[in-house]
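A.B. asks: Supplied structure: run-v9.txt, compact mmCIF, C-alpha atoms.
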```
# COMPACT_ATOMS: atom_id res chain seq x y z
CA MET A 1 147.12 164.69 185.41
CA ASN A 2 145.52 166.38 182.38
CA ALA A 3 145.86 165.09 178.84
CA ALA A 4 148.57 167.59 177.87
CA ALA A 5 150.73 166.74 180.88
CA ALA A 6 150.22 163.01 180.30
CA GLY A 7 151.24 163.41 176.67
CA ALA A 8 154.37 165.35 177.62
CA GLU A 9 155.34 162.69 180.16
CA ARG A 10 154.85 159.92 177.59
CA LEU A 11 157.07 161.75 175.08
CA ALA A 12 159.72 162.32 177.75
CA ARG A 13 159.72 158.68 178.80
CA ALA A 14 159.87 157.51 175.17
CA ALA A 15 162.88 159.78 174.66
CA LEU A 16 164.56 158.44 177.80
CA THR A 17 164.40 154.86 176.48
CA ARG A 18 166.84 156.05 173.81
CA VAL A 19 168.99 158.04 176.25
CA ILE A 20 169.62 155.63 179.13
CA GLU A 21 170.44 151.97 179.50
CA PRO A 22 167.79 149.65 181.00
CA GLY A 23 167.86 149.16 184.75
CA ASP A 24 170.02 152.20 185.58
CA GLU A 25 169.07 152.83 189.22
CA ARG A 26 170.79 156.22 189.27
CA VAL A 27 168.47 157.39 186.48
CA GLY A 28 165.59 155.83 188.41
CA ARG A 29 166.44 158.10 191.34
CA TRP A 30 166.55 161.11 189.01
CA LEU A 31 163.12 160.18 187.67
CA ARG A 32 161.75 159.87 191.19
CA THR A 33 163.23 163.25 192.15
CA TYR A 34 162.56 165.37 189.06
CA GLY A 35 160.03 163.47 186.95
CA PRO A 36 160.58 162.55 183.27
CA VAL A 37 159.76 165.95 181.76
CA GLU A 38 162.11 167.90 184.00
CA LEU A 39 164.81 165.25 183.63
CA MET A 40 164.69 165.56 179.83
CA ARG A 41 164.83 169.37 180.15
CA ARG A 42 167.97 169.11 182.28
CA LEU A 43 169.52 166.77 179.70
CA THR A 44 168.60 168.83 176.63
CA THR A 45 168.61 172.49 177.76
CA PRO A 46 170.76 172.85 180.89
CA GLN A 47 170.75 176.43 182.14
CA GLY A 48 173.51 176.25 184.73
CA PRO A 49 175.27 174.19 187.42
CA GLU A 50 171.96 173.84 189.26
CA ASP A 51 170.79 171.60 186.41
CA ASP A 52 173.59 169.09 186.93
CA LEU A 53 172.38 165.66 187.98
CA PRO A 54 173.75 164.09 191.19
CA GLY A 55 175.93 161.00 190.99
CA ALA A 56 176.89 161.33 187.32
CA SER A 57 180.45 161.94 186.22
CA PRO A 58 181.00 164.71 183.64
CA ALA A 59 181.74 162.08 180.97
CA ARG A 60 178.58 160.10 181.73
CA LEU A 61 176.46 163.24 181.85
CA ASP A 62 177.91 164.37 178.53
CA SER A 63 177.04 160.97 177.01
CA HIS A 64 173.46 161.24 178.27
CA ARG A 65 173.13 164.76 176.87
CA ARG A 66 174.45 163.79 173.45
CA ARG A 67 171.93 160.95 173.29
CA ALA A 68 169.14 163.21 174.51
CA ALA A 69 169.92 165.77 171.81
CA ALA A 70 169.56 163.08 169.14
CA ALA A 71 166.36 161.55 170.54
CA ASP A 72 163.16 162.00 168.51
CA PRO A 73 160.39 160.40 170.60
CA ALA A 74 157.57 161.43 168.24
CA HIS A 75 159.37 159.65 165.40
CA ASP A 76 159.92 156.54 167.57
CA LEU A 77 156.25 156.45 168.59
CA ALA A 78 155.19 156.76 164.95
CA ASN A 79 157.57 153.99 163.88
CA ALA A 80 156.27 151.77 166.67
CA ALA A 81 152.66 152.37 165.66
CA ALA A 82 153.54 151.46 162.07
CA THR A 83 154.67 148.02 163.24
CA GLY A 84 151.61 147.53 165.44
CA ALA A 85 153.46 148.41 168.66
CA ARG A 86 152.58 150.77 171.50
CA PHE A 87 154.43 152.43 174.36
CA LEU A 88 153.31 151.85 177.95
CA VAL A 89 154.31 153.99 180.93
CA PRO A 90 153.72 153.63 184.68
CA GLY A 91 150.19 154.72 185.46
CA ASP A 92 148.69 153.33 182.26
CA GLN A 93 145.80 150.92 182.77
CA GLU A 94 147.77 148.23 180.95
CA TRP A 95 150.95 148.75 182.99
CA PRO A 96 151.79 145.60 185.05
CA ARG A 97 151.92 146.85 188.63
CA GLN A 98 154.31 144.09 189.72
CA LEU A 99 157.09 145.82 187.77
CA ASP A 100 156.95 148.58 190.40
CA ASP A 101 158.61 146.08 192.76
CA LEU A 102 161.86 146.87 190.91
CA ALA A 103 161.87 150.30 192.58
CA ASP A 104 164.51 152.54 190.97
CA ALA A 105 165.36 149.78 188.48
CA ARG A 106 161.79 149.83 187.16
CA PRO A 107 161.56 150.34 183.39
CA VAL A 108 161.13 153.93 182.21
CA GLY A 109 158.49 152.48 179.89
CA LEU A 110 157.78 149.39 177.84
CA TRP A 111 157.44 149.02 174.09
CA VAL A 112 154.78 146.37 173.45
CA ARG A 113 153.89 144.60 170.21
CA GLY A 114 150.81 142.39 170.09
CA HIS A 115 147.09 142.70 170.76
CA PRO A 116 146.50 141.17 174.24
CA ASP A 117 146.45 143.22 177.43
CA LEU A 118 149.88 142.92 179.07
CA ARG A 119 148.66 143.62 182.61
CA MET A 120 145.96 140.96 182.45
CA TRP A 121 148.23 138.35 180.90
CA ALA A 122 151.01 138.98 183.41
CA LEU A 123 148.70 138.37 186.37
CA ARG A 124 148.79 134.61 185.73
CA SER A 125 152.20 134.03 184.21
CA VAL A 126 155.27 131.85 184.78
CA ALA A 127 158.77 132.29 183.36
CA VAL A 128 160.49 129.30 181.75
CA VAL A 129 164.16 130.00 181.01
CA GLY A 130 167.37 128.06 180.48
CA ALA A 131 170.50 127.39 178.49
CA ARG A 132 170.88 128.45 174.87
CA ALA A 133 173.10 125.46 174.04
CA CYS A 134 170.66 123.01 175.60
CA THR A 135 170.50 119.23 175.28
CA PRO A 136 167.61 117.36 173.60
CA TYR A 137 166.39 116.53 177.12
CA GLY A 138 166.35 120.21 178.03
CA ALA A 139 164.51 121.18 174.83
CA HIS A 140 161.94 118.45 175.51
CA MET A 141 161.37 119.63 179.08
CA GLY A 142 161.12 123.28 178.03
CA ALA A 143 158.50 122.46 175.40
CA ALA A 144 156.62 120.12 177.76
CA LEU A 145 156.47 122.79 180.46
CA GLY A 146 155.27 125.36 177.93
CA SER A 147 152.48 123.17 176.59
CA GLY A 148 151.55 121.88 180.05
CA LEU A 149 151.27 125.38 181.53
CA ALA A 150 149.25 126.53 178.50
CA GLU A 151 146.80 123.67 178.96
CA LYS A 152 146.31 124.78 182.57
CA GLY A 153 145.57 128.35 181.52
CA TRP A 154 148.91 129.95 182.40
CA VAL A 155 150.86 132.47 180.32
CA VAL A 156 154.46 131.42 179.59
CA VAL A 157 157.10 134.17 179.65
CA SER A 158 160.60 133.75 178.24
CA GLY A 159 163.27 135.60 176.29
CA ALA A 160 162.89 134.26 172.72
CA ALA A 161 166.54 133.14 172.78
CA ALA A 162 167.85 129.93 171.26
CA GLY A 163 167.59 126.75 173.31
CA ILE A 164 165.20 126.50 176.26
CA ASP A 165 163.52 129.88 175.62
CA GLY A 166 162.56 128.95 172.09
CA ALA A 167 161.41 125.48 173.16
CA ALA A 168 159.14 126.96 175.85
CA HIS A 169 157.59 129.44 173.43
CA ARG A 170 157.05 126.75 170.78
CA GLY A 171 155.54 124.30 173.24
CA THR A 172 153.11 126.98 174.41
CA LEU A 173 152.09 127.98 170.89
CA ALA A 174 151.68 124.34 169.84
CA ALA A 175 149.15 123.91 172.67
CA GLY A 176 147.25 127.02 171.57
CA GLY A 177 148.49 128.90 174.64
CA ALA A 178 149.53 132.45 175.51
CA THR A 179 153.18 133.49 175.57
CA ILE A 180 155.18 136.68 176.14
CA ALA A 181 158.71 137.24 174.83
CA VAL A 182 160.80 139.81 176.73
CA LEU A 183 163.40 141.11 174.29
CA ALA A 184 166.81 142.72 174.76
CA CYS A 185 166.27 144.74 171.58
CA GLY A 186 163.53 146.73 169.89
CA VAL A 187 160.23 144.92 169.41
CA ASP A 188 160.61 145.49 165.66
CA VAL A 189 164.00 143.74 165.60
CA VAL A 190 164.31 140.01 164.94
CA TYR A 191 166.95 138.46 167.20
CA PRO A 192 168.21 135.80 166.93
CA ARG A 193 167.76 135.73 163.15
CA GLY A 194 166.98 132.04 163.24
CA HIS A 195 163.87 132.79 165.30
CA ALA A 196 162.25 135.06 162.68
CA GLU A 197 159.27 132.75 162.23
CA LEU A 198 158.87 132.16 165.98
CA ILE A 199 159.05 135.87 166.84
CA GLY A 200 156.53 136.58 164.07
CA ARG A 201 154.13 134.02 165.53
CA ILE A 202 154.52 135.47 169.02
CA ALA A 203 153.78 138.97 167.66
CA GLU A 204 150.57 137.64 166.05
CA GLN A 205 149.37 135.34 168.84
CA GLY A 206 151.07 136.72 171.95
CA LEU A 207 153.15 139.68 173.06
CA LEU A 208 156.65 141.01 172.39
CA ILE A 209 157.86 143.50 174.98
CA GLY A 210 161.11 145.37 175.59
CA GLU A 211 162.65 148.50 177.07
CA LEU A 212 164.55 149.60 173.97
CA PRO A 213 162.97 151.86 171.33
CA PRO A 214 162.36 150.76 167.72
CA GLY A 215 165.57 149.60 166.08
CA GLY A 216 167.34 149.08 169.42
CA HIS A 217 170.02 146.40 169.11
CA PRO A 218 170.90 143.74 171.71
CA THR A 219 174.14 143.69 173.70
CA PRO A 220 175.39 141.22 176.33
CA SER A 221 174.60 143.62 179.17
CA ARG A 222 171.11 144.24 177.84
CA PHE A 223 170.36 140.52 177.90
CA ILE A 224 171.34 140.40 181.56
CA LEU A 225 169.34 143.51 182.45
CA ARG A 226 166.17 142.35 180.68
CA ASN A 227 166.15 139.27 182.95
CA ARG A 228 164.92 141.42 185.84
CA ILE A 229 161.78 142.16 183.78
CA ILE A 230 161.13 138.44 183.28
CA ALA A 231 161.55 137.85 187.01
CA ALA A 232 159.37 140.75 188.14
CA LEU A 233 156.60 140.23 185.60
CA THR A 234 155.83 136.63 186.59
CA ARG A 235 154.74 134.73 189.70
CA GLY A 236 157.72 132.41 189.47
CA THR A 237 160.70 131.36 187.35
CA VAL A 238 161.52 127.81 186.24
CA VAL A 239 165.11 127.12 185.15
CA VAL A 240 165.62 124.23 182.72
CA GLU A 241 169.35 123.50 182.27
CA ALA A 242 171.92 126.14 183.22
CA GLU A 243 175.64 126.16 183.85
CA TYR A 244 177.13 127.80 186.93
CA ARG A 245 177.59 131.06 184.99
CA SER A 246 174.24 131.54 183.33
CA GLY A 247 171.86 134.39 182.58
CA SER A 248 169.04 132.06 183.57
CA LEU A 249 170.41 131.94 187.10
CA VAL A 250 170.49 135.75 187.09
CA THR A 251 166.75 135.63 186.39
CA ALA A 252 166.20 133.11 189.18
CA ARG A 253 168.18 135.16 191.70
CA ALA A 254 166.29 138.29 190.71
CA ALA A 255 163.04 136.39 191.25
CA GLN A 256 164.21 135.30 194.71
CA LYS A 257 165.15 138.86 195.62
CA LEU A 258 161.68 140.04 194.58
CA GLY A 259 159.97 137.34 196.65
CA ARG A 260 158.87 135.31 193.62
CA PHE A 261 159.03 131.52 193.43
CA THR A 262 162.15 129.92 191.92
CA MET A 263 162.07 126.41 190.54
CA GLY A 264 164.46 124.09 188.76
CA VAL A 265 164.16 120.98 186.61
CA PRO A 266 166.79 118.40 187.63
CA GLY A 267 169.08 116.77 185.10
CA PRO A 268 171.99 114.32 185.00
CA ALA A 269 174.51 114.99 187.77
CA THR A 270 177.30 114.46 185.23
CA SER A 271 176.06 117.24 182.92
CA GLY A 272 177.59 120.71 183.15
CA LEU A 273 174.24 122.08 181.94
CA SER A 274 172.61 120.73 185.09
CA ALA A 275 175.21 122.13 187.49
CA GLY A 276 173.65 125.58 187.82
CA VAL A 277 170.13 124.18 188.26
CA HIS A 278 171.31 121.75 190.93
CA GLU A 279 173.07 124.57 192.77
CA LEU A 280 169.80 126.51 192.69
CA LEU A 281 167.98 123.48 194.08
CA ARG A 282 170.53 123.14 196.90
CA GLY A 283 169.47 126.64 197.96
CA GLU A 284 165.98 128.10 197.93
CA GLY A 285 164.87 126.67 194.58
CA VAL A 286 162.09 124.08 194.45
CA LEU A 287 162.44 120.94 192.34
CA VAL A 288 159.72 120.54 189.69
CA THR A 289 159.30 117.98 186.93
CA ASP A 290 156.14 119.06 185.11
CA ALA A 291 153.59 121.84 184.75
CA ALA A 292 151.32 120.45 187.48
CA GLU A 293 154.08 120.81 190.06
CA VAL A 294 154.80 124.36 188.89
CA VAL A 295 151.13 125.33 189.19
CA GLU A 296 150.90 123.73 192.63
CA LEU A 297 153.59 126.16 193.79
CA VAL A 298 152.57 129.39 192.03
CA GLY A 299 148.83 128.86 191.62
CA ASP A 300 145.84 129.40 193.83
CA MET A 301 145.00 127.29 196.87
CA GLY A 302 143.75 123.88 195.82
CA GLU A 303 145.63 123.72 192.49
CA LEU A 304 147.49 120.60 193.57
CA ALA A 305 149.66 118.31 191.49
CA PRO A 306 148.42 114.70 191.32
CA ALA A 307 149.78 112.28 193.91
CA ARG A 308 152.85 110.40 192.67
CA ARG A 309 153.17 106.67 193.24
CA GLY A 310 154.40 103.57 191.53
CA PRO A 311 152.16 101.20 189.59
CA VAL A 312 149.61 99.08 191.46
CA LEU A 313 150.48 95.37 191.10
CA PRO A 314 148.02 92.49 191.55
CA ARG A 315 149.78 91.33 194.71
CA ASP A 316 149.22 94.82 196.22
CA LEU A 317 145.50 94.01 196.31
CA LEU A 318 145.86 90.78 198.33
CA ALA A 319 144.47 90.52 201.85
CA PRO A 320 147.23 90.58 204.50
CA GLY A 321 146.85 86.85 205.34
CA ALA A 322 147.21 85.79 201.70
CA ALA A 323 150.12 88.18 201.18
CA HIS A 324 151.99 86.68 204.16
CA VAL A 325 151.59 83.14 202.80
CA LEU A 326 152.70 84.25 199.33
CA GLU A 327 155.80 85.90 200.81
CA ALA A 328 156.64 82.66 202.67
CA LEU A 329 156.96 80.68 199.41
CA PRO A 330 160.56 80.29 198.17
CA ALA A 331 161.57 81.83 194.85
CA ARG A 332 162.75 78.42 193.68
CA GLY A 333 161.48 74.98 194.54
CA THR A 334 158.48 73.92 196.60
CA ALA A 335 157.34 74.12 200.21
CA ALA A 336 155.05 72.06 202.39
CA VAL A 337 151.93 73.55 203.96
CA HIS A 338 153.17 73.22 207.55
CA ASP A 339 156.44 75.00 206.66
CA LEU A 340 154.54 77.82 205.01
CA ALA A 341 152.21 78.10 208.02
CA ARG A 342 155.20 78.42 210.34
CA ASP A 343 156.92 81.07 208.21
CA ALA A 344 153.69 83.04 207.71
CA GLY A 345 152.83 82.91 211.41
CA THR A 346 149.51 81.13 210.98
CA SER A 347 147.91 77.68 211.29
CA ALA A 348 148.19 74.92 208.70
CA ASP A 349 144.46 75.08 207.94
CA GLU A 350 144.60 78.87 207.49
CA ALA A 351 147.66 78.54 205.24
CA LEU A 352 145.97 75.87 203.11
CA GLY A 353 142.89 78.07 202.63
CA ARG A 354 145.09 81.01 201.59
CA LEU A 355 147.00 78.78 199.16
CA TYR A 356 143.80 77.85 197.35
CA GLU A 357 142.88 81.55 197.14
CA LEU A 358 146.31 82.28 195.64
CA HIS A 359 145.89 79.32 193.28
CA ALA A 360 142.61 80.76 191.99
CA LEU A 361 144.37 84.09 191.36
CA GLY A 362 147.21 82.40 189.46
CA PHE A 363 149.98 83.06 191.98
CA VAL A 364 150.75 79.46 193.07
CA GLU A 365 150.34 75.91 191.87
CA ARG A 366 150.27 72.54 193.62
CA THR A 367 152.84 69.81 193.00
CA GLY A 368 151.84 66.72 194.97
CA ASP A 369 151.60 67.71 198.63
CA ASN A 370 153.73 70.82 198.16
CA TRP A 371 153.25 74.28 196.60
CA ARG A 372 155.34 76.60 194.47
CA LEU A 373 155.16 80.02 192.82
CA THR A 374 153.92 80.35 189.24
CA ALA A 375 155.71 82.26 186.50
CA GLN A 376 153.15 85.06 186.98
CA ALA A 377 154.15 85.52 190.60
CA LEU A 378 157.83 85.58 189.70
CA ARG A 379 157.35 88.08 186.84
CA PRO A 380 154.57 90.51 187.81
CA ALA A 381 152.63 91.57 184.71
CA GLY A 382 152.60 95.30 183.98
CA ALA A 383 155.34 96.13 186.50
CA ARG A 384 157.52 99.06 185.47
CA ARG A 385 159.83 101.55 187.08
CA GLY A 386 159.00 105.19 187.74
CA GLY A 387 156.05 107.14 189.04
CA ALA A 388 152.63 107.34 187.52
```
As structure tokens, how would this structure be written, given the file I've shared?

C.D. replies:
Amino acid sequence: MNAAAAGAERLARAALTRVIEPGDERVGRWLRTYGPVELMRRLTTPQGPEDDLPGASPARLDSHRRRAAAADPAHDLANAAATGARFLVPGDQEWPRQLDDLADARPVGLWVRGHPDLRMWALRSVAVVGARACTPYGAHMGAALGSGLAEKGWVVVSGAAAGIDGAAHRGTLAAGGATIAVLACGVDVVYPRGHAELIGRIAEQGLLIGELPPGGHPTPSRFILRNRIIAALTRGTVVVEAEYRSGSLVTARAAQKLGRFTMGVPGPATSGLSAGVHELLRGEGVLVTDAAEVVELVGDMGELAPARRGPVLPRDLLAPGAAHVLEALPARGTAAVHDLARDAGTSADEALGRLYELHALGFVERTGDNWRLTAQALRPAGARRGGA
């Protein structure tokens, strides 16, 4: 394609971002059939019935044509450049090829604000999404996943929304990491207003991307449709807190449909904000609790999470014979050597030798001819619940 044809296609695609709604598969079929330049011609200067577009009602076609008549792609491109943004189209070197997996729902183009290369960043990226009205636990887990993934060299992708999205972005930025915000509005629009500082930081240190032209405003349907971009762009999606009806679950299901990994962070079974995540985990979702477990799933061969086990206690290091004698001692009171030998399945001499070993280690003490456990043996030092 020569430079003039490439420029005309870019202008046509920029115009179409103002004409159609994101993810419209019918328009995707038109693009595949006619190409962007011819499609815009049919929308702006129809010459007869042969220029009608298949599958569109007269009312819908009239709506598209009214929008097309008002579109000014050169003005939009100039406005984008003034805010430090650029417009990417399929075929550009920076275009993330994994978005092509969306087929006819692939974006017409992407408005991008920020300096890094989107294609390179997206190659090693993970989505972290979740509830807007999250709990403190959810916010903590979102931030911890963001910072943990950043420390392991992964790019964190989310939607810049309140709640889990914002926590994931902030955690990533706090760790000096890379993050991408996929917006349901123009990349020059701050939404939500309370995230003005966060969105500004992402624009400076990361990337803001979206399908809508400059000034494009968010709507409920646009939030849902942008989730397919988050799912397709990344190697996997982690959901942190979500109710049964949740946009985050839409992202996870889109990821599953595209063959990407889907993961969930468990929460209290009594919490409605955990219900959607747990339902995901009952299906094809994989339970994860930290960044290492996420990377083990989505990363390269050999990027394994550390083995999980409880704490090592002093009695875990005892030889089997000594451990058997120690287990034979009653929790209260004393025991004679011959009784301990019988219960431990050994001889009296062997039991006596083991008792003196245990005495040297502080597990038992002698009272006359009998033996009993020490306070140390009854209350193991350093013991605690949970994995390490």

A.B. asks: Name the closest residue to A:Arg13 among the candidates A:Arg260, A:Arg228, A:His338, A:Arg41; distances are taken between atoms, counting all atoms listed in the file.

C.D. replies: A:Arg41

A.B. asks: What does the distance between atom CA of A:Gly216 and atom CA of A:Leu183 come to in Å, to one decimal place?

C.D. replies: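 Between atom CA of A:Gly216 and atom CA of A:Leu183 the gap works out to 10.1 Å.
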
A.B. asks: What gap, in Å, lies between atom CA of A:Arg132 and atom CA of A:Thr83?

C.D. replies: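 Value for the atom CA of A:Arg132-atom CA of A:Thr83 distance: 27.9 Å.
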
A.B. asks: Nearest to A:Ala275: which of A:Ala292, A:Leu355, A:Ala131, A:Val19 is it, counting all atoms listed in the file?

C.D. replies: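 Of all the options, A:Ala131 lies closest to A:Ala275.
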
A.B. asks: When you count all atoms listed in the file, which of these residues is closest to A:Ala144: A:Gly55, A:Pro320, A:Pro107, A:Gly171?

C.D. replies: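 For A:Ala144, the nearest of the given residues is A:Gly171.
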
A.B. asks: So, counting all atoms listed in the file, which residue among A:Leu149, A:Val239, A:Ala127, A:Ala74 is closest to A:Ala8?

C.D. replies: A:Ala74

A.B. asks: Could you tell me which of A:Ala105, A:Ile164, A:Arg332, A:Gly138 comes closest to A:Thr289 if we count all atoms listed in the file?

C.D. replies: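 Under the stated criterion, the closest residue is A:Gly138.
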
A.B. asks: Hey, which of A:Pro36, A:Leu233, A:Ala71, A:Gln376 ends up closest to A:Trp95? Count all atoms listed in the file.

C.D. replies: A:Leu233

A.B. asks: Contacts between stretch 241-254 of chain A and stretch 123-193 of chain A, please, where a residue of stretch 123-193 of chain A counts if it comes within 10 Å (with all atoms listed in the file); show its shortest atom pair and distance in Å to one decimal, rows by chain and ascending number, as a Markdown table.

C.D. replies:
```
| residue | atom | partner | partner_atom | distance |
| --- | --- | --- | --- | --- |
| A:Ala127 | CA | A:Thr251 | CA | 9.2 |
| A:Val128 | CA | A:Ser248 | CA | 9.2 |
| A:Val129 | CA | A:Ser248 | CA | 5.9 |
| A:Gly130 | CA | A:Glu241 | CA | 5.3 |
| A:Ala131 | CA | A:Ala242 | CA | 5.1 |
| A:Arg132 | CA | A:Ala242 | CA | 8.7 |
| A:Ala133 | CA | A:Glu241 | CA | 9.3 |
| A:Cys134 | CA | A:Glu241 | CA | 6.8 |
| A:Thr135 | CA | A:Glu241 | CA | 8.3 |
| A:Tyr137 | CA | A:Glu241 | CA | 9.2 |
| A:Gly138 | CA | A:Glu241 | CA | 6.1 |
| A:Ala139 | CA | A:Glu241 | CA | 9.2 |
| A:Met141 | CA | A:Glu241 | CA | 9.4 |
| A:Gly142 | CA | A:Glu241 | CA | 9.3 |
| A:Gly159 | CA | A:Ser248 | CA | 9.9 |
| A:Gly163 | CA | A:Glu241 | CA | 9.7 |
| A:Ile164 | CA | A:Glu241 | CA | 7.9 |
| A:Asp165 | CA | A:Ser248 | CA | 9.9 |
```

A.B. asks: Would you compute the distance between atom CA of A:Leu16 and atom CA of A:Gly215? Give it in Å to one decimal.

C.D. replies: 14.7 Å

A.B. asks: Could you rebuild stretch 130-137 of chain A with all heavy atoms and give it back as a JSON list (two decimals), keeping the file's coordinate frame?

C.D. replies:
```json
[["chain", "number", "residue", "atom", "x", "y", "z"],
["A", 130, "GLY", "N", 166.31, 129.06, 180.40],
["A", 130, "GLY", "CA", 167.37, 128.06, 180.48],
["A", 130, "GLY", "C", 168.45, 128.29, 179.45],
["A", 130, "GLY", "O", 168.52, 129.34, 178.81],
["A", 131, "ALA", "N", 169.29, 127.28, 179.31],
["A", 131, "ALA", "CA", 170.50, 127.39, 178.49],
["A", 131, "ALA", "C", 170.17, 127.56, 177.01],
["A", 131, "ALA", "O", 169.21, 126.98, 176.50],
["A", 131, "ALA", "CB", 171.36, 126.15, 178.69],
["A", 132, "ARG", "N", 171.01, 128.34, 176.33],
["A", 132, "ARG", "CA", 170.88, 128.45, 174.87],
["A", 132, "ARG", "C", 171.37, 127.17, 174.21],
["A", 132, "ARG", "O", 170.71, 126.62, 173.33],
["A", 132, "ARG", "CB", 171.68, 129.65, 174.37],
["A", 132, "ARG", "CG", 171.04, 131.00, 174.67],
["A", 132, "ARG", "CD", 171.93, 132.15, 174.18],
["A", 132, "ARG", "NE", 171.25, 133.43, 174.25],
["A", 132, "ARG", "CZ", 171.13, 134.16, 175.34],
["A", 132, "ARG", "NH1", 171.67, 133.73, 176.48],
["A", 132, "ARG", "NH2", 170.49, 135.31, 175.32],
["A", 133, "ALA", "N", 172.54, 126.69, 174.61],
["A", 133, "ALA", "CA", 173.10, 125.46, 174.04],
["A", 133, "ALA", "C", 172.57, 124.27, 174.85],
["A", 133, "ALA", "O", 173.33, 123.59, 175.55],
["A", 133, "ALA", "CB", 174.61, 125.52, 174.07],
["A", 134, "CYS", "N", 171.28, 124.04, 174.77],
["A", 134, "CYS", "CA", 170.66, 123.01, 175.60],
["A", 134, "CYS", "C", 170.79, 121.62, 174.97],
["A", 134, "CYS", "O", 171.12, 121.49, 173.79],
["A", 134, "CYS", "CB", 169.18, 123.33, 175.83],
["A", 134, "CYS", "SG", 168.18, 123.27, 174.34],
["A", 135, "THR", "N", 170.51, 120.61, 175.77],
["A", 135, "THR", "CA", 170.50, 119.23, 175.28],
["A", 135, "THR", "C", 169.11, 118.90, 174.75],
["A", 135, "THR", "O", 168.14, 119.62, 175.00],
["A", 135, "THR", "CB", 170.84, 118.26, 176.42],
["A", 135, "THR", "OG1", 169.78, 118.31, 177.39],
["A", 135, "THR", "CG2", 172.15, 118.62, 177.09],
["A", 136, "PRO", "N", 168.96, 117.79, 174.01],
["A", 136, "PRO", "CA", 167.61, 117.36, 173.60],
["A", 136, "PRO", "C", 166.67, 117.17, 174.79],
["A", 136, "PRO", "O", 165.48, 117.47, 174.69],
["A", 136, "PRO", "CB", 167.88, 116.04, 172.87],
["A", 136, "PRO", "CG", 169.27, 116.18, 172.34],
["A", 136, "PRO", "CD", 170.01, 116.96, 173.39],
["A", 137, "TYR", "N", 167.21, 116.68, 175.91],
["A", 137, "TYR", "CA", 166.39, 116.53, 177.12],
["A", 137, "TYR", "C", 165.87, 117.88, 177.58],
["A", 137, "TYR", "O", 164.68, 118.05, 177.90],
["A", 137, "TYR", "CB", 167.22, 115.89, 178.22],
["A", 137, "TYR", "CG", 166.66, 116.06, 179.62],
["A", 137, "TYR", "CD1", 165.58, 115.29, 180.06],
["A", 137, "TYR", "CD2", 167.20, 117.00, 180.50],
["A", 137, "TYR", "CE1", 165.06, 115.47, 181.35],
["A", 137, "TYR", "CE2", 166.70, 117.17, 181.77],
["A", 137, "TYR", "CZ", 165.63, 116.41, 182.19],
["A", 137, "TYR", "OH", 165.10, 116.59, 183.46]]
```
